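Text of model.txt (compact mmCIF, N, CA and C atoms) as supplied:
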# COMPACT_ATOMS: atom_id res chain seq x y z
N MET A 1 0.85 -1.17 0.00
CA MET A 1 0.00 0.00 0.00
C MET A 1 0.89 1.23 0.00
N SER A 2 0.69 2.11 -0.96
CA SER A 2 1.50 3.33 -1.01
C SER A 2 0.82 4.43 -0.19
N ARG A 3 1.63 5.19 0.44
CA ARG A 3 1.14 6.26 1.31
C ARG A 3 1.00 7.54 0.51
N ALA A 4 -0.11 8.23 0.71
CA ALA A 4 -0.33 9.52 0.05
C ALA A 4 0.72 10.53 0.50
N GLN A 5 1.05 11.42 -0.38
CA GLN A 5 2.00 12.48 -0.06
C GLN A 5 1.29 13.58 0.73
N PRO A 6 2.00 14.25 1.64
CA PRO A 6 1.37 15.34 2.40
C PRO A 6 1.03 16.50 1.47
N PRO A 7 -0.08 17.19 1.74
CA PRO A 7 -0.44 18.34 0.93
C PRO A 7 0.55 19.49 1.13
N ALA A 8 0.55 20.38 0.16
CA ALA A 8 1.43 21.55 0.18
C ALA A 8 0.68 22.78 0.64
N ARG A 9 1.42 23.78 1.06
CA ARG A 9 0.82 25.07 1.44
C ARG A 9 -0.07 25.63 0.34
N THR A 10 0.35 25.44 -0.89
CA THR A 10 -0.41 26.00 -2.02
C THR A 10 -1.77 25.34 -2.19
N ASP A 11 -2.04 24.26 -1.46
CA ASP A 11 -3.34 23.59 -1.52
C ASP A 11 -4.40 24.27 -0.64
N TYR A 12 -3.98 25.28 0.12
CA TYR A 12 -4.87 25.93 1.08
C TYR A 12 -4.87 27.44 0.89
N PRO A 13 -6.05 28.07 0.94
CA PRO A 13 -6.11 29.52 0.77
C PRO A 13 -6.02 30.35 2.05
N TRP A 14 -6.17 29.73 3.25
CA TRP A 14 -6.24 30.52 4.48
C TRP A 14 -5.39 29.86 5.57
N PHE A 15 -4.67 30.69 6.34
CA PHE A 15 -3.77 30.21 7.39
C PHE A 15 -3.97 31.00 8.68
N THR A 16 -3.71 30.32 9.80
CA THR A 16 -3.72 30.97 11.11
C THR A 16 -2.65 30.32 11.99
N ALA A 17 -2.13 31.08 12.91
CA ALA A 17 -1.11 30.56 13.83
C ALA A 17 -1.74 29.61 14.84
N ILE A 18 -0.98 28.60 15.23
CA ILE A 18 -1.38 27.68 16.30
C ILE A 18 -0.28 27.72 17.35
N THR A 19 -0.68 27.94 18.57
CA THR A 19 0.26 27.94 19.68
C THR A 19 0.25 26.56 20.32
N THR A 20 1.37 25.86 20.24
CA THR A 20 1.45 24.58 20.93
C THR A 20 1.60 24.84 22.43
N ARG A 21 1.19 23.86 23.20
CA ARG A 21 1.27 23.97 24.65
C ARG A 21 2.06 22.80 25.21
N TRP A 22 2.63 22.98 26.35
CA TRP A 22 3.39 21.92 27.01
C TRP A 22 2.53 20.65 27.13
N SER A 23 1.27 20.82 27.47
CA SER A 23 0.39 19.68 27.67
C SER A 23 0.02 18.96 26.37
N ASP A 24 0.35 19.53 25.21
CA ASP A 24 0.09 18.85 23.93
C ASP A 24 1.00 17.64 23.73
N ASN A 25 2.19 17.69 24.34
CA ASN A 25 3.15 16.59 24.18
C ASN A 25 2.70 15.37 24.98
N ASP A 26 3.00 14.20 24.44
CA ASP A 26 2.71 12.97 25.17
C ASP A 26 4.01 12.40 25.75
N VAL A 27 3.94 11.21 26.31
CA VAL A 27 5.12 10.63 26.95
C VAL A 27 6.22 10.30 25.95
N TYR A 28 5.90 10.28 24.66
CA TYR A 28 6.90 10.01 23.63
C TYR A 28 7.60 11.28 23.15
N GLY A 29 7.20 12.43 23.70
CA GLY A 29 7.87 13.69 23.39
C GLY A 29 7.39 14.39 22.15
N HIS A 30 6.20 14.04 21.65
CA HIS A 30 5.64 14.77 20.51
C HIS A 30 4.16 15.03 20.75
N VAL A 31 3.59 15.90 19.94
CA VAL A 31 2.17 16.23 20.08
C VAL A 31 1.36 14.96 19.87
N ASN A 32 0.50 14.66 20.83
CA ASN A 32 -0.33 13.46 20.78
C ASN A 32 -1.36 13.57 19.66
N ASN A 33 -1.69 12.43 19.07
CA ASN A 33 -2.61 12.42 17.93
C ASN A 33 -3.96 13.09 18.21
N VAL A 34 -4.50 12.93 19.40
CA VAL A 34 -5.82 13.51 19.67
C VAL A 34 -5.78 15.05 19.68
N ILE A 35 -4.63 15.63 19.92
CA ILE A 35 -4.51 17.09 19.97
C ILE A 35 -4.76 17.71 18.59
N TYR A 36 -4.43 16.98 17.54
CA TYR A 36 -4.64 17.51 16.19
C TYR A 36 -6.11 17.83 15.95
N TYR A 37 -7.01 17.05 16.53
CA TYR A 37 -8.43 17.32 16.37
C TYR A 37 -8.82 18.62 17.06
N SER A 38 -8.18 18.93 18.15
CA SER A 38 -8.38 20.22 18.81
C SER A 38 -7.88 21.35 17.91
N TYR A 39 -6.73 21.14 17.28
CA TYR A 39 -6.22 22.13 16.33
C TYR A 39 -7.21 22.33 15.19
N PHE A 40 -7.75 21.24 14.65
CA PHE A 40 -8.72 21.34 13.54
C PHE A 40 -9.92 22.18 13.96
N ASP A 41 -10.45 21.88 15.14
CA ASP A 41 -11.61 22.61 15.66
C ASP A 41 -11.29 24.10 15.81
N SER A 42 -10.12 24.40 16.34
CA SER A 42 -9.73 25.81 16.52
C SER A 42 -9.54 26.52 15.19
N VAL A 43 -8.93 25.87 14.21
CA VAL A 43 -8.70 26.49 12.91
C VAL A 43 -10.03 26.80 12.23
N ALA A 44 -10.92 25.82 12.16
CA ALA A 44 -12.21 26.03 11.49
C ALA A 44 -13.03 27.11 12.20
N ASN A 45 -13.09 27.05 13.52
CA ASN A 45 -13.90 28.03 14.25
C ASN A 45 -13.30 29.43 14.23
N ARG A 46 -11.97 29.53 14.22
CA ARG A 46 -11.33 30.85 14.10
C ARG A 46 -11.77 31.50 12.79
N TYR A 47 -11.78 30.73 11.70
CA TYR A 47 -12.20 31.27 10.41
C TYR A 47 -13.68 31.67 10.45
N LEU A 48 -14.52 30.80 10.99
CA LEU A 48 -15.96 31.10 11.04
C LEU A 48 -16.25 32.34 11.88
N ILE A 49 -15.54 32.51 12.97
CA ILE A 49 -15.75 33.68 13.82
C ILE A 49 -15.23 34.94 13.13
N ASP A 50 -14.00 34.88 12.61
CA ASP A 50 -13.38 36.07 12.01
C ASP A 50 -13.98 36.45 10.68
N GLU A 51 -14.29 35.47 9.85
CA GLU A 51 -14.72 35.76 8.47
C GLU A 51 -16.20 35.50 8.21
N GLY A 52 -16.79 34.57 8.97
CA GLY A 52 -18.15 34.15 8.68
C GLY A 52 -19.21 34.69 9.61
N GLY A 53 -18.81 35.47 10.61
CA GLY A 53 -19.79 36.06 11.51
C GLY A 53 -20.37 35.10 12.53
N LEU A 54 -19.72 33.98 12.79
CA LEU A 54 -20.23 33.03 13.77
C LEU A 54 -20.19 33.66 15.16
N ASP A 55 -21.35 33.66 15.82
CA ASP A 55 -21.46 34.15 17.20
C ASP A 55 -21.59 32.93 18.10
N ILE A 56 -20.49 32.52 18.70
CA ILE A 56 -20.49 31.28 19.49
C ILE A 56 -21.28 31.40 20.79
N HIS A 57 -21.54 32.63 21.24
CA HIS A 57 -22.23 32.81 22.50
C HIS A 57 -23.74 32.99 22.35
N ASP A 58 -24.16 33.81 21.38
CA ASP A 58 -25.57 34.17 21.29
C ASP A 58 -26.21 33.91 19.93
N GLY A 59 -25.46 33.37 18.97
CA GLY A 59 -26.01 33.15 17.63
C GLY A 59 -27.06 32.06 17.61
N ASP A 60 -28.00 32.18 16.67
CA ASP A 60 -29.05 31.18 16.51
C ASP A 60 -28.53 29.90 15.88
N THR A 61 -27.44 30.01 15.10
CA THR A 61 -26.90 28.86 14.37
C THR A 61 -25.56 28.46 14.96
N VAL A 62 -25.39 27.15 15.17
CA VAL A 62 -24.12 26.61 15.65
C VAL A 62 -23.72 25.45 14.75
N GLY A 63 -22.42 25.18 14.70
CA GLY A 63 -21.91 24.06 13.92
C GLY A 63 -21.58 22.88 14.82
N LEU A 64 -22.08 21.71 14.47
CA LEU A 64 -21.78 20.48 15.21
C LEU A 64 -20.86 19.61 14.35
N VAL A 65 -19.83 19.08 14.94
CA VAL A 65 -18.92 18.19 14.22
C VAL A 65 -19.59 16.82 14.11
N VAL A 66 -19.71 16.32 12.87
CA VAL A 66 -20.33 15.02 12.65
C VAL A 66 -19.36 14.00 12.09
N ASN A 67 -18.18 14.45 11.65
CA ASN A 67 -17.19 13.53 11.10
C ASN A 67 -15.83 14.21 11.10
N SER A 68 -14.79 13.42 11.32
CA SER A 68 -13.43 13.95 11.24
C SER A 68 -12.46 12.81 10.98
N GLY A 69 -11.31 13.16 10.45
CA GLY A 69 -10.27 12.17 10.19
C GLY A 69 -8.94 12.88 10.04
N CYS A 70 -7.83 12.13 10.18
CA CYS A 70 -6.52 12.76 10.11
C CYS A 70 -5.49 11.78 9.57
N ASP A 71 -4.61 12.29 8.72
CA ASP A 71 -3.42 11.57 8.27
C ASP A 71 -2.21 12.30 8.85
N TYR A 72 -1.28 11.53 9.41
CA TYR A 72 -0.09 12.09 10.05
C TYR A 72 1.12 11.78 9.18
N TYR A 73 1.99 12.77 8.99
CA TYR A 73 3.16 12.59 8.14
C TYR A 73 4.48 12.72 8.89
N SER A 74 4.56 13.67 9.82
CA SER A 74 5.78 13.85 10.59
C SER A 74 5.42 14.45 11.94
N PRO A 75 6.12 14.05 13.00
CA PRO A 75 5.78 14.52 14.34
C PRO A 75 6.20 15.97 14.58
N VAL A 76 5.46 16.62 15.45
CA VAL A 76 5.81 17.95 15.94
C VAL A 76 5.79 17.90 17.46
N ALA A 77 6.42 18.89 18.09
CA ALA A 77 6.49 18.90 19.55
C ALA A 77 6.48 20.33 20.07
N TYR A 78 5.98 20.49 21.28
CA TYR A 78 6.08 21.77 21.96
C TYR A 78 7.57 22.06 22.13
N PRO A 79 8.03 23.25 21.87
CA PRO A 79 7.35 24.52 21.62
C PRO A 79 7.37 24.97 20.16
N GLU A 80 7.23 24.05 19.21
CA GLU A 80 7.28 24.43 17.79
C GLU A 80 6.10 25.34 17.42
N PRO A 81 6.39 26.43 16.71
CA PRO A 81 5.29 27.24 16.17
C PRO A 81 4.68 26.54 14.96
N LEU A 82 3.36 26.45 14.93
CA LEU A 82 2.65 25.78 13.85
C LEU A 82 1.70 26.75 13.17
N GLN A 83 1.23 26.36 12.00
CA GLN A 83 0.18 27.08 11.30
C GLN A 83 -0.88 26.09 10.87
N GLY A 84 -2.12 26.49 11.04
CA GLY A 84 -3.24 25.70 10.55
C GLY A 84 -3.72 26.30 9.24
N ALA A 85 -3.99 25.44 8.27
CA ALA A 85 -4.44 25.87 6.95
C ALA A 85 -5.85 25.33 6.73
N LEU A 86 -6.67 26.12 6.04
CA LEU A 86 -8.07 25.74 5.88
C LEU A 86 -8.53 25.94 4.45
N ARG A 87 -9.36 25.00 4.01
CA ARG A 87 -10.05 25.11 2.73
C ARG A 87 -11.40 24.42 2.89
N VAL A 88 -12.30 24.67 1.96
CA VAL A 88 -13.58 23.97 1.93
C VAL A 88 -13.52 22.97 0.78
N ASP A 89 -13.68 21.70 1.12
CA ASP A 89 -13.68 20.65 0.11
C ASP A 89 -15.07 20.37 -0.44
N ARG A 90 -16.09 20.56 0.38
CA ARG A 90 -17.47 20.31 -0.06
C ARG A 90 -18.39 21.23 0.74
N LEU A 91 -19.27 21.91 0.02
CA LEU A 91 -20.21 22.83 0.66
C LEU A 91 -21.62 22.42 0.29
N GLY A 92 -22.39 22.05 1.31
CA GLY A 92 -23.78 21.65 1.10
C GLY A 92 -24.72 22.75 1.55
N ASN A 93 -25.98 22.41 1.71
CA ASN A 93 -26.99 23.37 2.15
C ASN A 93 -26.83 23.70 3.63
N SER A 94 -26.61 22.65 4.45
CA SER A 94 -26.47 22.87 5.89
C SER A 94 -25.16 22.30 6.44
N SER A 95 -24.30 21.83 5.54
CA SER A 95 -23.05 21.22 6.01
C SER A 95 -21.86 21.69 5.18
N VAL A 96 -20.68 21.53 5.77
CA VAL A 96 -19.44 21.86 5.08
C VAL A 96 -18.38 20.85 5.50
N GLN A 97 -17.62 20.38 4.51
CA GLN A 97 -16.46 19.54 4.81
C GLN A 97 -15.22 20.36 4.54
N TYR A 98 -14.41 20.53 5.59
CA TYR A 98 -13.16 21.28 5.49
C TYR A 98 -12.01 20.33 5.20
N GLY A 99 -11.00 20.85 4.55
CA GLY A 99 -9.69 20.24 4.52
C GLY A 99 -8.80 21.11 5.39
N ILE A 100 -8.10 20.49 6.32
CA ILE A 100 -7.29 21.27 7.25
C ILE A 100 -5.88 20.68 7.28
N GLY A 101 -4.89 21.54 7.08
CA GLY A 101 -3.50 21.12 7.15
C GLY A 101 -2.81 21.74 8.35
N ILE A 102 -1.91 21.00 8.93
CA ILE A 102 -1.07 21.51 10.03
C ILE A 102 0.36 21.55 9.51
N PHE A 103 0.95 22.74 9.57
CA PHE A 103 2.28 22.97 9.03
C PHE A 103 3.21 23.50 10.10
N ARG A 104 4.46 23.05 10.07
CA ARG A 104 5.49 23.74 10.84
C ARG A 104 5.69 25.08 10.16
N GLU A 105 5.98 26.08 10.96
CA GLU A 105 6.22 27.41 10.41
C GLU A 105 7.35 27.32 9.38
N GLY A 106 7.08 27.76 8.15
CA GLY A 106 8.07 27.78 7.10
C GLY A 106 8.15 26.52 6.25
N ASP A 107 7.56 25.40 6.69
CA ASP A 107 7.59 24.17 5.89
C ASP A 107 6.56 24.25 4.76
N GLU A 108 6.90 23.67 3.64
CA GLU A 108 6.01 23.68 2.48
C GLU A 108 5.05 22.50 2.47
N LYS A 109 5.37 21.44 3.19
CA LYS A 109 4.52 20.25 3.23
C LYS A 109 3.91 20.10 4.62
N ALA A 110 2.66 19.65 4.67
CA ALA A 110 1.95 19.48 5.94
C ALA A 110 2.56 18.34 6.75
N CYS A 111 2.59 18.52 8.06
CA CYS A 111 2.99 17.41 8.93
C CYS A 111 1.77 16.55 9.27
N ALA A 112 0.57 17.11 9.08
CA ALA A 112 -0.68 16.36 9.23
C ALA A 112 -1.76 17.08 8.44
N ASN A 113 -2.72 16.33 7.98
CA ASN A 113 -3.89 16.96 7.36
C ASN A 113 -5.11 16.10 7.62
N GLY A 114 -6.25 16.73 7.59
CA GLY A 114 -7.45 15.99 7.88
C GLY A 114 -8.68 16.61 7.28
N THR A 115 -9.79 15.95 7.56
CA THR A 115 -11.10 16.46 7.18
C THR A 115 -11.91 16.65 8.45
N PHE A 116 -12.85 17.53 8.34
CA PHE A 116 -13.63 17.93 9.50
C PHE A 116 -14.97 18.40 8.94
N THR A 117 -16.08 17.81 9.35
CA THR A 117 -17.39 18.18 8.81
C THR A 117 -18.26 18.80 9.89
N HIS A 118 -18.78 19.98 9.58
CA HIS A 118 -19.76 20.65 10.42
C HIS A 118 -21.14 20.51 9.78
N VAL A 119 -22.16 20.25 10.58
CA VAL A 119 -23.55 20.44 10.18
C VAL A 119 -24.05 21.61 11.02
N PHE A 120 -24.64 22.59 10.35
CA PHE A 120 -25.14 23.76 11.05
C PHE A 120 -26.58 23.51 11.46
N VAL A 121 -26.84 23.81 12.75
CA VAL A 121 -28.15 23.55 13.33
C VAL A 121 -28.65 24.79 14.06
N ASP A 122 -29.96 24.82 14.25
CA ASP A 122 -30.58 25.84 15.10
C ASP A 122 -30.21 25.52 16.55
N ARG A 123 -29.68 26.51 17.24
CA ARG A 123 -29.22 26.29 18.62
C ARG A 123 -30.34 25.75 19.51
N ALA A 124 -31.56 26.25 19.36
CA ALA A 124 -32.65 25.85 20.25
C ALA A 124 -33.19 24.46 19.94
N SER A 125 -33.36 24.14 18.65
CA SER A 125 -33.99 22.87 18.30
C SER A 125 -33.00 21.75 17.96
N ASN A 126 -31.75 22.12 17.68
CA ASN A 126 -30.73 21.17 17.26
C ASN A 126 -31.04 20.53 15.91
N LYS A 127 -31.90 21.17 15.11
CA LYS A 127 -32.27 20.68 13.78
C LYS A 127 -31.43 21.41 12.73
N PRO A 128 -31.01 20.70 11.67
CA PRO A 128 -30.22 21.34 10.62
C PRO A 128 -30.94 22.53 10.00
N VAL A 129 -30.15 23.55 9.69
CA VAL A 129 -30.65 24.76 9.03
C VAL A 129 -29.70 25.13 7.90
N PRO A 130 -30.18 25.88 6.91
CA PRO A 130 -29.27 26.35 5.87
C PRO A 130 -28.15 27.20 6.47
N ILE A 131 -26.97 27.10 5.88
CA ILE A 131 -25.83 27.92 6.32
C ILE A 131 -26.19 29.38 6.13
N PRO A 132 -26.05 30.23 7.16
CA PRO A 132 -26.38 31.65 7.03
C PRO A 132 -25.57 32.31 5.90
N ALA A 133 -26.16 33.33 5.28
CA ALA A 133 -25.60 33.96 4.09
C ALA A 133 -24.16 34.45 4.28
N GLN A 134 -23.87 35.16 5.36
CA GLN A 134 -22.51 35.68 5.57
C GLN A 134 -21.52 34.54 5.72
N MET A 135 -21.92 33.50 6.42
CA MET A 135 -21.04 32.35 6.61
C MET A 135 -20.83 31.61 5.30
N ARG A 136 -21.90 31.42 4.52
CA ARG A 136 -21.79 30.75 3.23
C ARG A 136 -20.83 31.52 2.31
N GLU A 137 -20.94 32.83 2.31
CA GLU A 137 -20.06 33.64 1.48
C GLU A 137 -18.59 33.44 1.89
N ALA A 138 -18.33 33.42 3.18
CA ALA A 138 -16.97 33.20 3.66
C ALA A 138 -16.48 31.80 3.30
N LEU A 139 -17.33 30.80 3.38
CA LEU A 139 -16.94 29.44 3.04
C LEU A 139 -16.70 29.29 1.54
N GLU A 140 -17.52 29.93 0.74
CA GLU A 140 -17.32 29.91 -0.71
C GLU A 140 -15.97 30.54 -1.09
N ALA A 141 -15.53 31.52 -0.32
CA ALA A 141 -14.27 32.22 -0.61
C ALA A 141 -13.05 31.31 -0.48
N ILE A 142 -13.17 30.21 0.29
CA ILE A 142 -12.02 29.31 0.47
C ILE A 142 -12.31 27.91 -0.10
N ALA A 143 -13.35 27.82 -0.92
CA ALA A 143 -13.70 26.53 -1.53
C ALA A 143 -12.72 26.20 -2.65
N VAL A 144 -12.35 24.94 -2.73
CA VAL A 144 -11.48 24.46 -3.80
C VAL A 144 -12.27 23.51 -4.69
N SER A 145 -11.89 23.43 -5.95
CA SER A 145 -12.59 22.51 -6.84
C SER A 145 -12.15 21.09 -6.57
N ALA A 146 -13.11 20.21 -6.71
CA ALA A 146 -12.84 18.78 -6.48
C ALA A 146 -12.05 18.20 -7.63

So that I can check it, write out the structure of this file as structure tokens.
Amino acid sequence: MSRAQPPARTDYPWFTAITTRWSDNDVYGHVNNVIYYSYFDSVANRYLIDEGGLDIHDGDTVGLVVNSGCDYYSPVAYPEPLQGALRVDRLGNSSVQYGIGIFREGDEKACANGTFTHVFVDRASNKPVPIPAQMREALEAIAVSA
């Protein structure tokens, strides 16, 4: 079985800094695999808050994670500065599948990448709703062709 190559920086239109923490490291001296999912959540939500108008405290619409996955290529460890990269791989009526890359600062190839799917729901009823217009516009801005 051949292993897929890590994605490149040029595969992503948006980046944000990630601050590693001492507690991210495991007993083997590198960032533990489960921490990457926390990074994915932070990267996607940072974009939605900054660019899409997501109001995590009082908004009527919230995003629930319904699926995620990750491929790991090379280990990282605290205190390495990282960058999270974001793109939209699939945009539906009430859902979005992100592609998220984790890069060492200055590296051209991802040390990990994954997918992360949000379904947007009404906060009160927990029922799916169409993605709000401002958020959809922001997501369309980072969508890549399949």

Among the residues A:Phe120, A:Tyr28, A:Tyr37, A:Tyr12, the one that comes closest to Ser68 of chain A [using all atoms listed in the file]: A:Tyr37

Quick one, how far is atom CA of Tyr72 of chain A from atom CA of Ala141 of chain A?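 If I compute the distance from atom CA of Tyr72 of chain A to atom CA of Ala141 of chain A, I get 26.8 Å.
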
Taking (-20.0, 19.1, 13.6) in the file's own coordinates, collect the residues within 10 Å, counting only C-alpha atoms, and hand them back as a ChimeraX atom specification. /A:41,62-68,95-97,116-121

Looking at all atoms listed in the file, which of A:Arg104, A:Thr16, A:Ala143, A:Ala133 is the one that sits closest to Glu80 of chain A?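 Ranked by minimum distance to Glu80 of chain A, first place goes to A:Arg104.
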
Figure out the distance between atom N of Ile56 of chain A and atom N of Arg90 of chain A, please, to one decimal in Å.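 Taking atom N of Arg90 of chain A as the start and atom N of Ile56 of chain A as the end point, the length is 22.3 Å.
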
Please list as a list in words every residue within 6.5 Å of Val88 of chain A, counting all atoms listed in the file and excluding residues in the same chain fewer than 2 positions away.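 Residues near the query, excluding close chain neighbours: Leu86, Arg90, Leu91, Gln97, Tyr98, Gly99, Leu139, Ile142, Ala143 and Val144 of chain A.
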
Output of the above residues as a PDB file, in the frame of the given file, restricted to N, CA and C atoms:
ATOM      1  N   LEU A  86      -6.670  26.120   6.040  1.00  0.00           N
ATOM      2  CA  LEU A  86      -8.070  25.740   5.880  1.00  0.00           C
ATOM      3  C   LEU A  86      -8.530  25.940   4.450  1.00  0.00           C
ATOM      4  N   ARG A  90     -16.090  20.560   0.380  1.00  0.00           N
ATOM      5  CA  ARG A  90     -17.470  20.310  -0.060  1.00  0.00           C
ATOM      6  C   ARG A  90     -18.390  21.230   0.740  1.00  0.00           C
ATOM      7  N   LEU A  91     -19.270  21.910   0.020  1.00  0.00           N
ATOM      8  CA  LEU A  91     -20.210  22.830   0.660  1.00  0.00           C
ATOM      9  C   LEU A  91     -21.620  22.420   0.290  1.00  0.00           C
ATOM     10  N   GLN A  97     -17.620  20.380   4.510  1.00  0.00           N
ATOM     11  CA  GLN A  97     -16.460  19.540   4.810  1.00  0.00           C
ATOM     12  C   GLN A  97     -15.220  20.360   4.540  1.00  0.00           C
ATOM     13  N   TYR A  98     -14.410  20.530   5.590  1.00  0.00           N
ATOM     14  CA  TYR A  98     -13.160  21.280   5.490  1.00  0.00           C
ATOM     15  C   TYR A  98     -12.010  20.330   5.200  1.00  0.00           C
ATOM     16  N   GLY A  99     -11.000  20.850   4.550  1.00  0.00           N
ATOM     17  CA  GLY A  99      -9.690  20.240   4.520  1.00  0.00           C
ATOM     18  C   GLY A  99      -8.800  21.110   5.390  1.00  0.00           C
ATOM     19  N   LEU A 139     -17.330  30.800   3.380  1.00  0.00           N
ATOM     20  CA  LEU A 139     -16.940  29.440   3.040  1.00  0.00           C
ATOM     21  C   LEU A 139     -16.700  29.290   1.540  1.00  0.00           C
ATOM     22  N   ILE A 142     -13.170  30.210   0.290  1.00  0.00           N
ATOM     23  CA  ILE A 142     -12.020  29.310   0.470  1.00  0.00           C
ATOM     24  C   ILE A 142     -12.310  27.910  -0.100  1.00  0.00           C
ATOM     25  N   ALA A 143     -13.350  27.820  -0.920  1.00  0.00           N
ATOM     26  CA  ALA A 143     -13.700  26.530  -1.530  1.00  0.00           C
ATOM     27  C   ALA A 143     -12.720  26.200  -2.650  1.00  0.00           C
ATOM     28  N   VAL A 144     -12.350  24.940  -2.730  1.00  0.00           N
ATOM     29  CA  VAL A 144     -11.480  24.460  -3.800  1.00  0.00           C
ATOM     30  C   VAL A 144     -12.270  23.510  -4.690  1.00  0.00           C
TER      31      VAL A 144
END

Mind giving me the straight-line distance from atom N of Leu82 of chain A to atom C of Gly52 of chain A in Å, one decimal?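 Between these atoms lies a distance of 24.6 Å.
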
Given the choices A:Gly92, A:Pro128, A:Pro81, A:Gly101, which gets closest to Ile18 of chain A if the distance is worked out from all atoms listed in the file?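 Selected residue with least distance to Ile18 of chain A: A:Pro81.
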
Would you compute, for all listed atoms of segment 24-39 of chain A, the axis-aligned bounding box grown by 6 Å on each side, and then report its centre and edge lengths in Å rounded to one decimal, as lines of an AutoDock Vina configuration file?
center_x = -0.5
center_y = 16.2
center_z = 21.1
size_x = 28.7
size_y = 24.3
size_z = 23.8
